[in-house]
Number of protein chains: 2
Amino acid sequence: MTSRSPDPLGRRATILDVAAAAGVSRQTVTRAMNGMAGISPATRERVQKLAADLGYSPSRFAKGLVQGARISVGLAIPDLTNPYFPAFASSVVEAATQRHWNVVMDDYGHGTGSSLDAVARLAPQVDALIGYLGEDSDDAQALMGRRPVVVLDYPVSQAAGGISFDYRHAARLALNHLTARGCTNIVYLDSDQGGTAAGRGAAVAAMAAEAGVSPTICHAAPSASAAREAIAVLAAGSNLFDGLLVFNDLMAAGALKALQDSGRSVPGDCAVIGMDGIPLGELVTPELTTLSLNLRTVGRTAVDLLEGLLSGSVPAHSKDASLTLRHELILRQSA
Amino acid sequence: MTSRSPDPLGRRATILDVAAAAGVSRQTVTRAMNGMAGISPATRERVQKLAADLGYSPSRFAKGLVQGARISVGLAIPDLTNPYFPAFASSVVEAATQRHWNVVMDDYGHGTGSSLDAVARLAPQVDALIGYLGEDSDDAQALMGRRPVVVLDYPVSQAAGGISFDYRHAARLALNHLTARGCTNIVYLDSDQGGTAAGRGAAVAAMAAEAGVSPTICHAAPSASAAREAIAVLAAGSNLFDGLLVFNDLMAAGALKALQDSGRSVPGDCAVIGMDGIPLGELVTPELTTLSLNLRTVGRTAVDLLEGLLSGSVPAHSKDASLTLRHELILRQSA
DNA sequence: GGGCTAGACGTGAACGTTCACGGCGCTCGA
DNA sequence: TCGAGCGCCGTGAACGTTCACGTCTAGCCC
């Protein structure tokens, strides 16, 4: 019974160290630590104290190996700095916590990494994946093998499940509102990043054609500052646009600033409509009219779908595995 | 050699299933999957294909058990909905990703849970912890045993390491600025939640006494809407305050809205200063003067410290294990 | 043709837990 | 007095990998 070295600070104490120190067997330590029956109160306490002294904490790997541990799901998002994503992430974390899942988060925006890098990092660590992946969702599914993947905001092909948004509906709501307001010279400020942007841009173009208007399209990086600059440039030109539809609320907030800077009043000179419905919209001045998504619903829906896929009650690639959510027009001050 | 059932969708394929299907041994499968030498290109390819067909992905538990897997750190924050925390989390995730760590996130705000619940969920899953834990940091450390814990914004006692902020310095900057501006009737809008709030409130009180001013203190929940309501009530009263210092930027944004609603101009009638320096401050109107923290620095510092604790190069509870960061006054339009 | 090398592949052991048993000593009742 | 039962505790086996070897075959050179 050679007792191992107590705390070399390079090797963590194992259950055997505790057992040796207490002069009992593994199983008794297990009983003490997990509150199981079949152990006297005295030994239980003694073992617990010893475990604490040795700094013992059970290996999650060994435990997971034998018990088939709790599910952990990867969450891959492009940019925690854009308030849309934490709002979404928050609802995912909430729904996951309720199910006793845990969430491993990866943000592939800060490097210039692609979503695939994030998935590659996440894949060995998780049982399932939820993510805004852009166009890489096929390769992502390949990396995850048979484990379920729920892709947001991009048409599902290989991926097991997906949640997309009815942008034609959203665009129709916005354009109708602007034209009903009397706007005749409409600008659509799009994100300059492919992937998810493509869907929105195409929908706006299609609905504009249907409504008989031909908006000016311009592009900027999906940040407030980039949008601000883009609109500053546009407003400095001769284009006297009177309606502005923006890719998302964050960019819309930047646009609002630029219009203010240029001396144009909102909604007097120009009506502005954002997209997503993040809380930020209520804090800017004027408050932002927006195509709103119920963000709690989006996250919860993604987790619900994932649960279905994991349990097998929703077959991958089936009809039930791809859902479409709709935006709602929330009228505030800016349009 | 009884081959196991191929895909019962309840048991995942193991390396033995793949080996049996390919008619080779475990080790050969390992060689194929991990790109090791000592295997012919033909078998490598055959095994890889078979593995993909069977939906095999290696168990992270078994792998972790034998290899001592990558470090994963828990991140416990009160509320992803408050833009401060995603900004912080973003920099933590970035710094962790660079080190090939992964981040398990938990948000203890949405239930009415305490930070201890989050730590209890996280503890069995991670090797270390970073968190805004409020007053529960002692029990948190107890749950984590000998694994390092970095606590933010709260004085370290039991916890291995901590990062705190020099609120006396921040309060001095703000009050000096307000008084230099000629403000004589100052209000401090505090958070109504204990823990971290206590430090800021006490510092403001102390520095106010030092500066010879006696601000009115009022409280609200740390959200934009609660702050908006609180200031609306205050502004409707007879108190003609001309300076407003706010617990954080989010609440300040709400306060700005309330002042606008009540017809008071900012900074004309009342100067407003926020705290934290989140990007939101540049999007509200007027743009928010704030006591700014470099949020990238905060997250990076926390991860740096954690790395020191993990490697043992920074002893827990030592002088180097607790750091203090300072706010900087960023002048914008609101004060 | 014999020995040596390298390439391709297989086999015990180990990682740290928990599960399913099995065993020991005591008490109690018939 | 002895067997049954119970409280307390210990021991093999298993989970799915990888590591460190060991083995076999083919080919080559002298």
# chains A, B, ... in the order shown; residues from 1 in each chain; ligands from 1
call {"tool": "closest_atom_pairs", "arguments": {"of": "chain C", "to": "chain A", "cutoff": "10 Å", "atoms": "only C-alpha atoms (C1' of nucleotides)", "output": "JSON lines"}}
result
{"residue": "C:DC15", "atom": "C1'", "partner": "A:Ala62", "partner_atom": "CA", "distance": 8.0}
{"residue": "C:DG16", "atom": "C1'", "partner": "A:Ala62", "partner_atom": "CA", "distance": 5.0}
{"residue": "C:DT17", "atom": "C1'", "partner": "A:Ala62", "partner_atom": "CA", "distance": 4.8}
{"residue": "C:DT18", "atom": "C1'", "partner": "A:Val66", "partner_atom": "CA", "distance": 6.2}
{"residue": "C:DC19", "atom": "C1'", "partner": "A:Val66", "partner_atom": "CA", "distance": 8.9}
call {"tool": "closest_atom_pairs", "arguments": {"of": "chain D", "to": "chain A", "cutoff": "10 Å", "atoms": "only C-alpha atoms (C1' of nucleotides)", "output": "CSV"}}
result
residue,atom,partner,partner_atom,distance
D:DG7,C1',A:Gly38,CA,6.9
D:DC8,C1',A:Ile39,CA,5.9
D:DC9,C1',A:Thr28,CA,7.0
D:DG10,C1',A:Ser25,CA,6.4
D:DT11,C1',A:Ser25,CA,9.3
D:DA14,C1',A:Val66,CA,7.9
D:DC15,C1',A:Val66,CA,4.6
D:DG16,C1',A:Leu65,CA,7.3
call {"tool": "write_last_selection", "arguments": {"atoms": "N, CA, C and O atoms (P, O5', C5', C4', C3', O3' and C1' of nucleotides)", "output": "JSON list (two decimals), in the first residue's frame"}}
result
[["chain", "number", "residue", "atom", "x", "y", "z"],
["D", 7, "DG", "P", -29.99, -2.05, 7.37],
["D", 7, "DG", "O5'", -28.75, -1.29, 8.02],
["D", 7, "DG", "C5'", -28.32, -1.63, 9.33],
["D", 7, "DG", "C4'", -26.81, -1.66, 9.39],
["D", 7, "DG", "C3'", -26.13, -0.58, 8.53],
["D", 7, "DG", "O3'", -25.10, 0.03, 9.29],
["D", 7, "DG", "C1'", -25.26, -2.70, 7.98],
["D", 8, "DC", "P", -24.38, 1.38, 8.77],
["D", 8, "DC", "O5'", -23.09, 0.79, 8.08],
["D", 8, "DC", "C5'", -22.00, 0.36, 8.93],
["D", 8, "DC", "C4'", -21.03, -0.43, 8.12],
["D", 8, "DC", "C3'", -20.26, 0.37, 7.06],
["D", 8, "DC", "O3'", -18.95, 0.60, 7.56],
["D", 8, "DC", "C1'", -20.86, -1.83, 6.32],
["D", 9, "DC", "P", -17.97, 1.62, 6.75],
["D", 9, "DC", "O5'", -17.33, 0.64, 5.66],
["D", 9, "DC", "C5'", -16.48, -0.40, 6.11],
["D", 9, "DC", "C4'", -16.29, -1.42, 5.01],
["D", 9, "DC", "C3'", -15.55, -0.92, 3.77],
["D", 9, "DC", "O3'", -14.19, -1.28, 3.87],
["D", 9, "DC", "C1'", -17.33, -2.47, 3.28],
["D", 10, "DG", "P", -13.15, -0.84, 2.74],
["D", 10, "DG", "O5'", -13.12, -2.12, 1.78],
["D", 10, "DG", "C5'", -12.71, -3.37, 2.30],
["D", 10, "DG", "C4'", -12.86, -4.46, 1.26],
["D", 10, "DG", "C3'", -12.03, -4.26, -0.01],
["D", 10, "DG", "O3'", -11.35, -5.47, -0.31],
["D", 10, "DG", "C1'", -14.32, -4.61, -0.57],
["D", 11, "DT", "P", -10.19, -5.47, -1.42],
["D", 11, "DT", "O5'", -10.90, -6.14, -2.67],
["D", 11, "DT", "C5'", -11.47, -7.43, -2.55],
["D", 11, "DT", "C4'", -12.05, -7.88, -3.88],
["D", 11, "DT", "C3'", -11.19, -7.60, -5.11],
["D", 11, "DT", "O3'", -11.20, -8.75, -5.92],
["D", 11, "DT", "C1'", -13.33, -6.68, -5.43],
["D", 14, "DA", "P", -16.28, -7.77, -18.49],
["D", 14, "DA", "O5'", -16.76, -6.30, -18.91],
["D", 14, "DA", "C5'", -18.01, -5.79, -18.44],
["D", 14, "DA", "C4'", -17.96, -4.28, -18.45],
["D", 14, "DA", "C3'", -17.38, -3.67, -19.73],
["D", 14, "DA", "O3'", -18.41, -3.10, -20.50],
["D", 14, "DA", "C1'", -16.61, -2.56, -17.76],
["D", 15, "DC", "P", -18.09, -2.77, -22.05],
["D", 15, "DC", "O5'", -18.15, -1.17, -22.10],
["D", 15, "DC", "C5'", -19.08, -0.40, -21.35],
["D", 15, "DC", "C4'", -18.54, 0.99, -21.18],
["D", 15, "DC", "C3'", -17.68, 1.45, -22.36],
["D", 15, "DC", "O3'", -18.51, 2.17, -23.28],
["D", 15, "DC", "C1'", -16.71, 2.04, -20.23],
["D", 16, "DG", "P", -18.44, 1.79, -24.84],
["D", 16, "DG", "O5'", -17.13, 2.53, -25.35],
["D", 16, "DG", "C5'", -17.11, 3.95, -25.32],
["D", 16, "DG", "C4'", -15.71, 4.44, -25.59],
["D", 16, "DG", "C3'", -15.11, 3.95, -26.91],
["D", 16, "DG", "O3'", -14.58, 5.07, -27.57],
["D", 16, "DG", "C1'", -13.63, 3.55, -25.14]]
call {"tool": "residues_around", "arguments": {"residues": "DG5 in chain D", "least_positions_apart": "5", "cutoff": "12 Å", "atoms": "only C-alpha atoms (C1' of nucleotides)", "output": "list in words"}}
result
DC26, DT27, DC28 and DG29 of chain C
call {"tool": "residues_around", "arguments": {"residues": "Phe241 in chain B", "least_positions_apart": "4", "cutoff": "7 Å", "atoms": "only C-alpha atoms (C1' of nucleotides)", "output": "short mmCIF file (atom, residue, chain, number, x, y, z; two decimals) with N, CA, C and O atoms, in the first residue's frame"}}
result
data_model
loop_
_atom_site.label_atom_id
_atom_site.label_comp_id
_atom_site.auth_asym_id
_atom_site.auth_seq_id
_atom_site.Cartn_x
_atom_site.Cartn_y
_atom_site.Cartn_z
N ASN B 185 -26.11 69.70 -8.06
CA ASN B 185 -27.12 68.80 -7.52
C ASN B 185 -27.01 67.46 -8.23
O ASN B 185 -27.64 67.23 -9.27
N ILE B 186 -26.22 66.58 -7.63
CA ILE B 186 -25.86 65.35 -8.32
C ILE B 186 -26.65 64.16 -7.80
O ILE B 186 -26.89 64.04 -6.60
N VAL B 187 -27.05 63.31 -8.73
CA VAL B 187 -27.75 62.08 -8.38
C VAL B 187 -26.87 60.90 -8.76
O VAL B 187 -26.26 60.91 -9.84
N CYS B 270 -29.01 68.59 -17.66
CA CYS B 270 -28.44 67.58 -16.76
C CYS B 270 -27.34 66.82 -17.49
O CYS B 270 -27.56 66.31 -18.59
#
call {"tool": "calpha_fit_and_write", "arguments": {"fixed": "chain A", "moving": "chain B", "output": "compact mmCIF listing (two decimals) with C-alpha atoms, in the first residue's frame"}}
result
# COMPACT_ATOMS: atom_id res chain seq x y z
CA MET B 1 0.05 0.05 -0.09
CA THR B 2 2.44 2.76 -1.17
CA SER B 3 0.60 6.02 -0.73
CA ARG B 4 1.09 8.30 -3.68
CA SER B 5 2.60 11.73 -3.30
CA PRO B 6 -0.07 13.96 -1.81
CA ASP B 7 -0.20 16.99 -4.07
CA PRO B 8 2.54 17.33 -6.63
CA LEU B 9 0.49 19.99 -8.39
CA GLY B 10 0.93 18.39 -11.73
CA ARG B 11 -1.13 15.32 -11.15
CA ARG B 12 -4.55 15.64 -9.68
CA ALA B 13 -5.58 13.46 -6.81
CA THR B 14 -7.61 10.42 -7.84
CA ILE B 15 -10.14 8.40 -6.01
CA LEU B 16 -7.40 5.93 -5.12
CA ASP B 17 -5.40 8.61 -3.37
CA VAL B 18 -8.38 9.42 -1.22
CA ALA B 19 -9.10 5.77 -0.58
CA ALA B 20 -5.52 5.13 0.47
CA ALA B 21 -5.46 8.15 2.74
CA ALA B 22 -8.68 7.08 4.41
CA GLY B 23 -7.72 3.44 4.54
CA VAL B 24 -10.84 2.38 2.66
CA SER B 25 -11.64 1.16 -0.82
CA ARG B 26 -12.58 3.06 -4.00
CA GLN B 27 -16.18 2.13 -3.66
CA THR B 28 -16.46 3.55 -0.19
CA VAL B 29 -15.07 6.83 -1.43
CA THR B 30 -17.62 6.79 -4.23
CA ARG B 31 -20.35 6.18 -1.68
CA ALA B 32 -19.15 9.06 0.44
CA MET B 33 -18.82 11.51 -2.42
CA ASN B 34 -22.08 10.73 -4.15
CA GLY B 35 -24.28 10.49 -1.09
CA MET B 36 -25.06 6.84 -1.62
CA ALA B 37 -26.35 4.46 1.04
CA GLY B 38 -24.36 1.68 2.65
CA ILE B 39 -21.80 3.73 4.51
CA SER B 40 -21.64 4.85 8.10
CA PRO B 41 -21.99 8.56 8.81
CA ALA B 42 -18.61 8.59 10.50
CA THR B 43 -16.61 7.24 7.56
CA ARG B 44 -18.61 9.35 5.13
CA GLU B 45 -17.59 12.47 6.93
CA ARG B 46 -14.01 11.41 7.34
CA VAL B 47 -13.69 10.58 3.66
CA GLN B 48 -15.29 13.83 2.58
CA LYS B 49 -12.92 15.82 4.71
CA LEU B 50 -9.93 13.92 3.41
CA ALA B 51 -11.09 14.42 -0.15
CA ALA B 52 -11.37 18.14 0.39
CA ASP B 53 -7.91 18.24 1.97
CA LEU B 54 -6.36 16.42 -0.95
CA GLY B 55 -8.19 18.67 -3.39
CA TYR B 56 -9.83 15.69 -4.97
CA SER B 57 -12.42 16.24 -7.64
CA PRO B 58 -13.60 13.35 -9.76
CA SER B 59 -12.43 13.13 -13.34
CA ARG B 60 -15.25 14.14 -15.64
CA PHE B 61 -13.77 11.86 -18.27
CA ALA B 62 -13.85 8.73 -16.19
CA LYS B 63 -17.27 9.62 -14.94
CA GLY B 64 -18.54 10.38 -18.41
CA LEU B 65 -17.05 7.21 -19.78
CA VAL B 66 -18.87 4.96 -17.40
CA GLN B 67 -22.05 6.92 -16.89
CA GLY B 68 -22.67 8.47 -20.28
CA ALA B 69 -22.58 12.00 -19.00
CA ARG B 70 -24.84 14.94 -19.51
CA ILE B 71 -25.25 16.25 -22.99
CA SER B 72 -23.18 19.18 -24.05
CA VAL B 73 -24.05 21.19 -27.08
CA GLY B 74 -21.77 23.48 -29.04
CA LEU B 75 -22.93 26.95 -29.93
CA ALA B 76 -21.11 28.56 -32.84
CA ILE B 77 -21.79 32.18 -33.57
CA PRO B 78 -20.01 34.72 -35.68
CA ASP B 79 -19.73 37.64 -33.32
CA LEU B 80 -20.63 38.08 -29.67
CA THR B 81 -20.09 41.78 -30.18
CA ASN B 82 -23.20 42.09 -32.30
CA PRO B 83 -26.02 42.29 -29.74
CA TYR B 84 -28.20 40.00 -31.76
CA PHE B 85 -26.07 37.00 -30.98
CA PRO B 86 -25.89 37.29 -27.21
CA ALA B 87 -29.63 37.78 -27.18
CA PHE B 88 -29.97 34.58 -29.14
CA ALA B 89 -27.31 32.81 -27.13
CA SER B 90 -29.02 33.79 -23.93
CA SER B 91 -32.18 31.99 -24.88
CA VAL B 92 -30.24 28.95 -26.02
CA VAL B 93 -28.35 28.81 -22.75
CA GLU B 94 -31.58 29.16 -20.84
CA ALA B 95 -33.33 26.36 -22.71
CA ALA B 96 -30.26 24.15 -22.48
CA THR B 97 -29.85 24.72 -18.76
CA GLN B 98 -33.42 23.67 -18.18
CA ARG B 99 -32.59 20.35 -19.79
CA HIS B 100 -29.41 19.96 -17.77
CA TRP B 101 -27.32 20.32 -20.88
CA ASN B 102 -24.31 22.50 -20.96
CA VAL B 103 -23.27 24.88 -23.65
CA VAL B 104 -19.80 25.20 -25.11
CA MET B 105 -19.54 28.51 -26.83
CA ASP B 106 -17.35 29.49 -29.71
CA ASP B 107 -17.20 32.84 -31.45
CA TYR B 108 -15.52 32.58 -34.82
CA GLY B 109 -15.60 36.27 -35.55
CA HIS B 110 -12.61 37.69 -33.77
CA GLY B 111 -9.96 35.98 -35.71
CA THR B 112 -10.81 36.19 -39.31
CA GLY B 113 -11.78 32.59 -38.89
CA SER B 114 -14.50 30.84 -40.79
CA SER B 115 -17.30 29.04 -39.05
CA LEU B 116 -15.61 25.80 -40.00
CA ASP B 117 -12.74 26.54 -37.67
CA ALA B 118 -15.22 26.91 -34.85
CA VAL B 119 -16.95 23.69 -35.72
CA ALA B 120 -13.63 21.89 -35.90
CA ARG B 121 -12.78 23.14 -32.42
CA LEU B 122 -16.18 22.23 -31.09
CA ALA B 123 -16.73 18.89 -32.80
CA PRO B 124 -14.54 16.74 -30.54
CA GLN B 125 -16.10 18.26 -27.44
CA VAL B 126 -19.82 18.13 -27.95
CA ASP B 127 -22.74 15.85 -28.68
CA ALA B 128 -24.61 18.26 -30.90
CA LEU B 129 -24.28 21.66 -32.48
CA ILE B 130 -26.34 24.77 -32.91
CA GLY B 131 -24.96 27.55 -35.00
CA TYR B 132 -25.11 30.43 -37.37
CA LEU B 133 -22.76 28.85 -39.83
CA GLY B 134 -23.32 30.64 -43.10
CA GLU B 135 -22.61 28.59 -46.15
CA ASP B 136 -20.35 26.07 -44.48
CA SER B 137 -23.07 23.95 -43.01
CA ASP B 138 -22.37 20.92 -45.18
CA ASP B 139 -18.78 20.62 -44.07
CA ALA B 140 -19.90 21.28 -40.54
CA GLN B 141 -22.21 18.32 -40.64
CA ALA B 142 -19.38 16.25 -42.05
CA LEU B 143 -17.20 17.17 -39.09
CA MET B 144 -19.96 16.24 -36.70
CA GLY B 145 -20.59 12.86 -38.29
CA ARG B 146 -23.91 11.49 -37.22
CA ARG B 147 -24.40 13.92 -34.37
CA PRO B 148 -27.20 16.39 -34.95
CA VAL B 149 -26.58 19.90 -36.21
CA VAL B 150 -29.13 22.68 -36.20
CA VAL B 151 -28.27 25.44 -38.61
CA LEU B 152 -29.86 28.84 -38.31
CA ASP B 153 -30.63 31.27 -41.05
CA TYR B 154 -29.40 29.21 -43.91
CA PRO B 155 -31.16 26.70 -46.11
CA VAL B 156 -30.57 23.21 -44.82
CA SER B 157 -28.95 20.79 -47.18
CA GLN B 158 -26.75 18.25 -45.43
CA ALA B 159 -27.41 19.49 -41.93
CA ALA B 160 -29.80 17.47 -39.83
CA GLY B 161 -32.05 20.35 -38.99
CA GLY B 162 -32.47 24.02 -39.63
CA ILE B 163 -34.36 27.12 -38.70
CA SER B 164 -34.81 29.74 -41.31
CA PHE B 165 -36.67 32.97 -41.59
CA ASP B 166 -39.30 34.07 -44.01
CA TYR B 167 -37.50 37.06 -45.42
CA ARG B 168 -39.95 37.55 -48.22
CA HIS B 169 -42.62 38.06 -45.62
CA ALA B 170 -40.41 40.44 -43.66
CA ALA B 171 -39.43 42.42 -46.72
CA ARG B 172 -43.05 42.71 -47.77
CA LEU B 173 -44.06 44.07 -44.38
CA ALA B 174 -41.32 46.66 -44.43
CA LEU B 175 -41.76 47.79 -48.00
CA ASN B 176 -45.52 48.01 -47.62
CA HIS B 177 -45.09 50.14 -44.57
CA LEU B 178 -42.63 52.43 -46.25
CA THR B 179 -44.69 52.89 -49.38
CA ALA B 180 -47.85 53.37 -47.36
CA ARG B 181 -46.02 56.12 -45.58
CA GLY B 182 -45.37 57.73 -48.93
CA CYS B 183 -41.72 56.87 -49.32
CA THR B 184 -40.73 56.85 -52.98
CA ASN B 185 -36.97 56.70 -52.85
CA ILE B 186 -35.98 53.70 -50.82
CA VAL B 187 -32.52 52.48 -49.91
CA TYR B 188 -31.69 48.99 -48.68
CA LEU B 189 -28.49 48.86 -46.67
CA ASP B 190 -27.25 45.30 -46.85
CA SER B 191 -24.44 43.46 -45.13
CA ASP B 192 -21.40 42.96 -47.32
CA GLN B 193 -20.85 39.45 -46.05
CA GLY B 194 -22.17 36.59 -48.08
CA GLY B 195 -23.90 33.60 -46.58
CA THR B 196 -26.82 34.68 -44.54
CA ALA B 197 -26.94 38.09 -46.17
CA ALA B 198 -27.80 36.63 -49.54
CA GLY B 199 -31.21 35.48 -48.38
CA ARG B 200 -32.28 38.84 -47.09
CA GLY B 201 -30.98 40.75 -50.07
CA ALA B 202 -32.70 38.47 -52.54
CA ALA B 203 -35.97 38.65 -50.64
CA VAL B 204 -35.88 42.42 -50.53
CA ALA B 205 -35.16 42.58 -54.25
CA ALA B 206 -37.98 40.18 -55.04
CA MET B 207 -40.55 41.90 -52.88
CA ALA B 208 -39.50 45.31 -54.17
CA ALA B 209 -40.11 44.13 -57.70
CA GLU B 210 -43.48 42.80 -56.64
CA ALA B 211 -44.36 46.11 -55.02
CA GLY B 212 -43.18 48.03 -58.05
CA VAL B 213 -40.40 49.91 -56.30
CA SER B 214 -36.73 49.76 -57.14
CA PRO B 215 -34.63 50.46 -54.09
CA THR B 216 -31.03 51.51 -54.17
CA ILE B 217 -28.89 48.77 -52.68
CA CYS B 218 -25.74 49.57 -50.79
CA HIS B 219 -23.44 47.48 -48.66
CA ALA B 220 -21.42 47.75 -45.48
CA ALA B 221 -19.81 45.47 -42.97
CA PRO B 222 -22.33 44.32 -40.37
CA SER B 223 -21.27 46.69 -37.61
CA ALA B 224 -22.70 49.95 -36.37
CA SER B 225 -19.64 51.96 -37.28
CA ALA B 226 -19.41 50.61 -40.82
CA ALA B 227 -23.08 51.31 -41.38
CA ARG B 228 -22.65 54.78 -39.99
CA GLU B 229 -19.87 55.51 -42.43
CA ALA B 230 -21.72 54.07 -45.38
CA ILE B 231 -24.82 56.12 -44.71
CA ALA B 232 -22.73 59.21 -44.04
CA VAL B 233 -21.26 58.89 -47.52
CA LEU B 234 -24.65 58.26 -49.05
CA ALA B 235 -26.27 61.16 -47.23
CA ALA B 236 -23.52 63.47 -48.31
CA GLY B 237 -24.35 62.69 -51.92
CA SER B 238 -27.24 63.92 -53.96
CA ASN B 239 -29.50 60.98 -53.23
CA LEU B 240 -32.48 62.32 -51.29
CA PHE B 241 -33.76 58.93 -50.13
CA ASP B 242 -36.76 59.05 -47.87
CA GLY B 243 -36.92 55.43 -46.74
CA LEU B 244 -34.18 53.23 -45.38
CA LEU B 245 -34.41 49.54 -44.71
CA VAL B 246 -31.41 48.06 -42.96
CA PHE B 247 -29.96 44.53 -42.75
CA ASN B 248 -30.09 44.47 -38.96
CA ASP B 249 -30.79 46.65 -35.96
CA LEU B 250 -27.18 47.22 -35.10
CA MET B 251 -26.47 48.66 -38.52
CA ALA B 252 -29.72 50.60 -38.34
CA ALA B 253 -28.55 52.21 -35.13
CA GLY B 254 -25.38 53.30 -36.90
CA ALA B 255 -27.41 54.57 -39.83
CA LEU B 256 -29.59 56.60 -37.49
CA LYS B 257 -26.48 58.26 -36.13
CA ALA B 258 -25.24 59.10 -39.61
CA LEU B 259 -28.55 60.63 -40.62
CA GLN B 260 -28.51 62.72 -37.46
CA ASP B 261 -24.96 63.82 -38.18
CA SER B 262 -25.91 64.87 -41.68
CA GLY B 263 -28.80 66.93 -40.41
CA ARG B 264 -31.57 64.78 -41.80
CA SER B 265 -34.44 64.16 -39.44
CA VAL B 266 -35.86 60.72 -38.79
CA PRO B 267 -38.58 59.93 -39.61
CA GLY B 268 -39.34 63.37 -41.05
CA ASP B 269 -36.83 63.36 -43.89
CA CYS B 270 -36.26 59.66 -43.94
CA ALA B 271 -38.01 56.70 -42.36
CA VAL B 272 -35.79 53.94 -41.04
CA ILE B 273 -36.61 50.28 -40.45
CA GLY B 274 -34.25 47.80 -38.88
CA MET B 275 -34.35 44.05 -38.59
CA ASP B 276 -34.11 41.58 -35.67
CA GLY B 277 -35.84 43.36 -32.82
CA ILE B 278 -32.97 43.54 -30.34
CA PRO B 279 -33.45 45.59 -27.17
CA LEU B 280 -31.01 48.18 -28.45
CA GLY B 281 -33.75 49.46 -30.74
CA GLU B 282 -35.61 50.95 -27.81
CA LEU B 283 -32.60 52.85 -26.54
CA VAL B 284 -31.62 54.80 -29.61
CA THR B 285 -33.23 58.08 -30.57
CA PRO B 286 -35.60 58.02 -32.31
CA GLU B 287 -36.61 54.56 -31.21
CA LEU B 288 -36.24 52.07 -33.98
CA THR B 289 -39.08 50.61 -35.96
CA THR B 290 -38.01 47.10 -36.73
CA LEU B 291 -38.85 43.74 -38.16
CA SER B 292 -38.76 41.85 -34.95
CA LEU B 293 -38.03 38.28 -34.19
CA ASN B 294 -38.96 36.95 -30.80
CA LEU B 295 -35.45 36.06 -29.83
CA ARG B 296 -36.44 33.89 -26.90
CA THR B 297 -38.53 31.89 -29.31
CA VAL B 298 -35.67 31.45 -31.76
CA GLY B 299 -33.31 30.02 -29.19
CA ARG B 300 -35.95 27.87 -27.60
CA THR B 301 -37.07 26.54 -30.94
CA ALA B 302 -33.52 25.63 -31.86
CA VAL B 303 -33.07 23.71 -28.64
CA ASP B 304 -36.47 22.03 -28.98
CA LEU B 305 -35.55 20.91 -32.46
CA LEU B 306 -32.19 19.66 -31.30
CA GLU B 307 -33.86 17.67 -28.57
CA GLY B 308 -36.12 16.05 -31.12
CA LEU B 309 -33.15 15.15 -33.27
CA LEU B 310 -31.20 13.75 -30.35
CA SER B 311 -34.04 11.61 -29.17
CA GLY B 312 -34.80 10.47 -32.67
CA SER B 313 -38.40 11.62 -32.47
CA VAL B 314 -37.65 14.05 -35.28
CA PRO B 315 -35.81 12.26 -38.09
CA ALA B 316 -32.97 14.24 -39.58
CA HIS B 317 -33.66 15.77 -42.98
CA SER B 318 -37.35 15.20 -42.45
CA LYS B 319 -40.03 17.78 -42.95
CA ASP B 320 -40.25 18.46 -39.23
CA ALA B 321 -36.55 19.11 -39.06
CA SER B 322 -36.70 22.42 -40.84
CA LEU B 323 -38.75 25.25 -39.47
CA THR B 324 -39.46 28.73 -40.67
CA LEU B 325 -40.09 31.66 -38.39
CA ARG B 326 -41.64 34.98 -39.29
CA HIS B 327 -40.76 38.52 -38.44
CA GLU B 328 -43.29 40.94 -37.09
CA LEU B 329 -43.26 44.66 -37.76
CA ILE B 330 -42.93 46.63 -34.56
CA LEU B 331 -43.78 50.26 -35.03
CA ARG B 332 -41.78 52.71 -33.02
CA GLN B 333 -40.62 56.20 -33.81
CA SER B 334 -38.23 55.83 -36.71
CA ALA B 335 -40.82 54.86 -39.33
call {"tool": "select_by_dssp", "arguments": {"residues": "range 103-301 of chain A", "states": "strand (DSSP E)", "output": "MDAnalysis selection string"}}
result
chainID A and resid 103:107 128:131 149:152 161:165 186:191 216:220 243:246 271:276 289:292
call {"tool": "residues_around", "arguments": {"residues": "DG12 in chain C", "least_positions_apart": "2", "cutoff": "12 Å", "atoms": "only C-alpha atoms (C1' of nucleotides)", "output": "ChimeraX atom specification"}}
result
/C:10,14 /D:19-22
